[in-house]
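Down below is the structure, laid out as structure tokens.
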Amino acid sequence: MKNIFKLFSILLLLVLSCKTYAQLDTLSYIKQFEINKSQYINKPFSYLLGQMTQIQPKTVWDTAAPKTKSIVKASRFKFCGMDYSFKNAITLHVIWETPIPRSDVKYYEDKNHFYFTNEEKAFYGNKIVKDIMVYK
């Protein structure tokens with residue numbers, strides 16, 4: 001019984017360390033886009049997505065303008081599924097050159113439940129990037 005407990009403990013530690021390493025690897029990969037943001041600013045979001053060959057966003061969340069709730073000035077793209085705690089999620093925060101009508105964004109949120117699908121890729125793809133921030 002003690003051996004089973006030791007084996008289970010070791011396996012649990014391995015799983016947790018692999019997950020932590022994968023997050024750090026993803027964070028360093030996504031952080032490179034922020035470091036090189038001058039290559040993506042004033043270009044369509046599709047260009048940035050096209051450069052992300054190793055990983056793509058899993059979900060997308062809007063950031064409404066503080067004074068006007070009818071427009072979206074920025075979006076947060078998360079690189080984890082819904083089952084992961086968003087408290088420590090790796091986030092690509094994109095500020096748009098031209099605000100997006102909130103009703104347009106809400107349509108996709110309601111339809112796809114915040115998942116970043118091919119429809120969202122097409123929708124956000126032609127939006128022009130004003131600024132990029134990456135954080136965890």
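Chain labels run A, B, ... following the order of the structure tokens; each chain numbers its residues from 1, and ligands are numbered from 1 in the order shown.
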**Study point:** Who sits within 10 Å of Lys43 (chain A), only C-alpha atoms, same chain under 5 positions skipped, as a list of chain:residue names
**Key:**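 Here the answer would be A:Ser38, A:Leu48, A:Glu97, A:Gly125, A:Asn126, A:Lys127, A:Ile128, A:Val129, A:Lys130.
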Report the residues of region 80-114 of chain A whose backbone DSSP state falls under alpha helix (DSSP H), written as a VMD selection string.
chain A and resid 102 to 112
Dump N, CA and C atoms for the selected residues as a PDB file, in the first residue's frame?
ATOM      1  N   ARG A 102     -20.175  46.332 -29.873  1.00  0.00           N
ATOM      2  CA  ARG A 102     -20.370  45.275 -28.878  1.00  0.00           C
ATOM      3  C   ARG A 102     -21.375  44.241 -29.368  1.00  0.00           C
ATOM      4  N   SER A 103     -22.362  44.668 -30.118  1.00  0.00           N
ATOM      5  CA  SER A 103     -23.372  43.732 -30.622  1.00  0.00           C
ATOM      6  C   SER A 103     -22.753  42.684 -31.557  1.00  0.00           C
ATOM      7  N   ASP A 104     -21.758  43.080 -32.340  1.00  0.00           N
ATOM      8  CA  ASP A 104     -21.084  42.130 -33.236  1.00  0.00           C
ATOM      9  C   ASP A 104     -20.325  41.078 -32.426  1.00  0.00           C
ATOM     10  N   VAL A 105     -19.621  41.529 -31.392  1.00  0.00           N
ATOM     11  CA  VAL A 105     -18.842  40.618 -30.552  1.00  0.00           C
ATOM     12  C   VAL A 105     -19.779  39.693 -29.771  1.00  0.00           C
ATOM     13  N   LYS A 106     -20.857  40.253 -29.255  1.00  0.00           N
ATOM     14  CA  LYS A 106     -21.808  39.470 -28.456  1.00  0.00           C
ATOM     15  C   LYS A 106     -22.418  38.340 -29.278  1.00  0.00           C
ATOM     16  N   TYR A 107     -22.637  38.580 -30.564  1.00  0.00           N
ATOM     17  CA  TYR A 107     -23.170  37.535 -31.433  1.00  0.00           C
ATOM     18  C   TYR A 107     -22.278  36.289 -31.376  1.00  0.00           C
ATOM     19  N   TYR A 108     -20.964  36.468 -31.510  1.00  0.00           N
ATOM     20  CA  TYR A 108     -20.037  35.331 -31.486  1.00  0.00           C
ATOM     21  C   TYR A 108     -19.891  34.739 -30.088  1.00  0.00           C
ATOM     22  N   GLU A 109     -19.944  35.581 -29.066  1.00  0.00           N
ATOM     23  CA  GLU A 109     -19.890  35.069 -27.692  1.00  0.00           C
ATOM     24  C   GLU A 109     -21.074  34.143 -27.419  1.00  0.00           C
ATOM     25  N   ASP A 110     -22.258  34.571 -27.821  1.00  0.00           N
ATOM     26  CA  ASP A 110     -23.463  33.764 -27.613  1.00  0.00           C
ATOM     27  C   ASP A 110     -23.442  32.492 -28.457  1.00  0.00           C
ATOM     28  N   LYS A 111     -22.966  32.617 -29.671  1.00  0.00           N
ATOM     29  CA  LYS A 111     -22.975  31.478 -30.590  1.00  0.00           C
ATOM     30  C   LYS A 111     -21.932  30.424 -30.211  1.00  0.00           C
ATOM     31  N   ASN A 112     -20.722  30.857 -29.883  1.00  0.00           N
ATOM     32  CA  ASN A 112     -19.610  29.916 -29.660  1.00  0.00           C
ATOM     33  C   ASN A 112     -19.129  29.844 -28.220  1.00  0.00           C
TER      34      ASN A 112
END
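Residues surrounding Leu27 (chain A) within 8 Å are A:Ile90, A:Tyr135, A:Lys136 [only C-alpha atoms; sequence separation below 5 positions excluded].
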Computed gap from CA of Lys73 (chain A) to CA of Asp25 (chain A) is 28.8 Å
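Distances to Thr59 (chain A) were evaluated for A:Ser28, A:Thr91, A:Asn36, A:Thr98 using only C-alpha atoms, and the minimum falls at A:Thr91.
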What's around Met133 (chain A) at 7 Å? Count only C-alpha atoms, leave out sequence neighbours fewer than 4 positions away in its own chain, and write the answer as a VMD selection string. chain A and resid 34 92 to 94
(message) Let me make sure I understand: among A:Leu49, A:Ile100, A:Val134, A:Ile95, which one has the smallest atom-to-atom distance to Thr26 (chain A) if we use only C-alpha atoms?
(response)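 Closest to Thr26 (chain A), using only C-alpha atoms: A:Val134.
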Which is closest to Ala64 (chain A) among A:Trp96, A:Tyr115, A:Tyr29, A:Phe123, if we use only C-alpha atoms?
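Between A:Trp96, A:Tyr115, A:Tyr29, A:Phe123, the residue approaching Ala64 (chain A) most closely is A:Trp96.
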Val60 (chain A) proximity check over A:Ser75, A:Asn42, A:Asn88, A:Gln32, using only C-alpha atoms: winner is A:Ser75
task: Record the distance separating CA of Thr53 (chain A) and CA of Ala89 (chain A), expressed in Å with one decimal.
output: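 One can read the CA of Thr53 (chain A) to CA of Ala89 (chain A) distance as 19.5 Å.
Counting only C-alpha atoms, the residue from A:Gln56, A:Lys37, A:Pro44, A:Gln51 that sits nearest to Thr117 (chain A) is A:Gln56.
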Interatomic distance, CA of Thr68 (chain A) to CA of Tyr47 (chain A) (Å, one decimal) =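 Computed distance, CA of Thr68 (chain A) to CA of Tyr47 (chain A), equals 28.5 Å.
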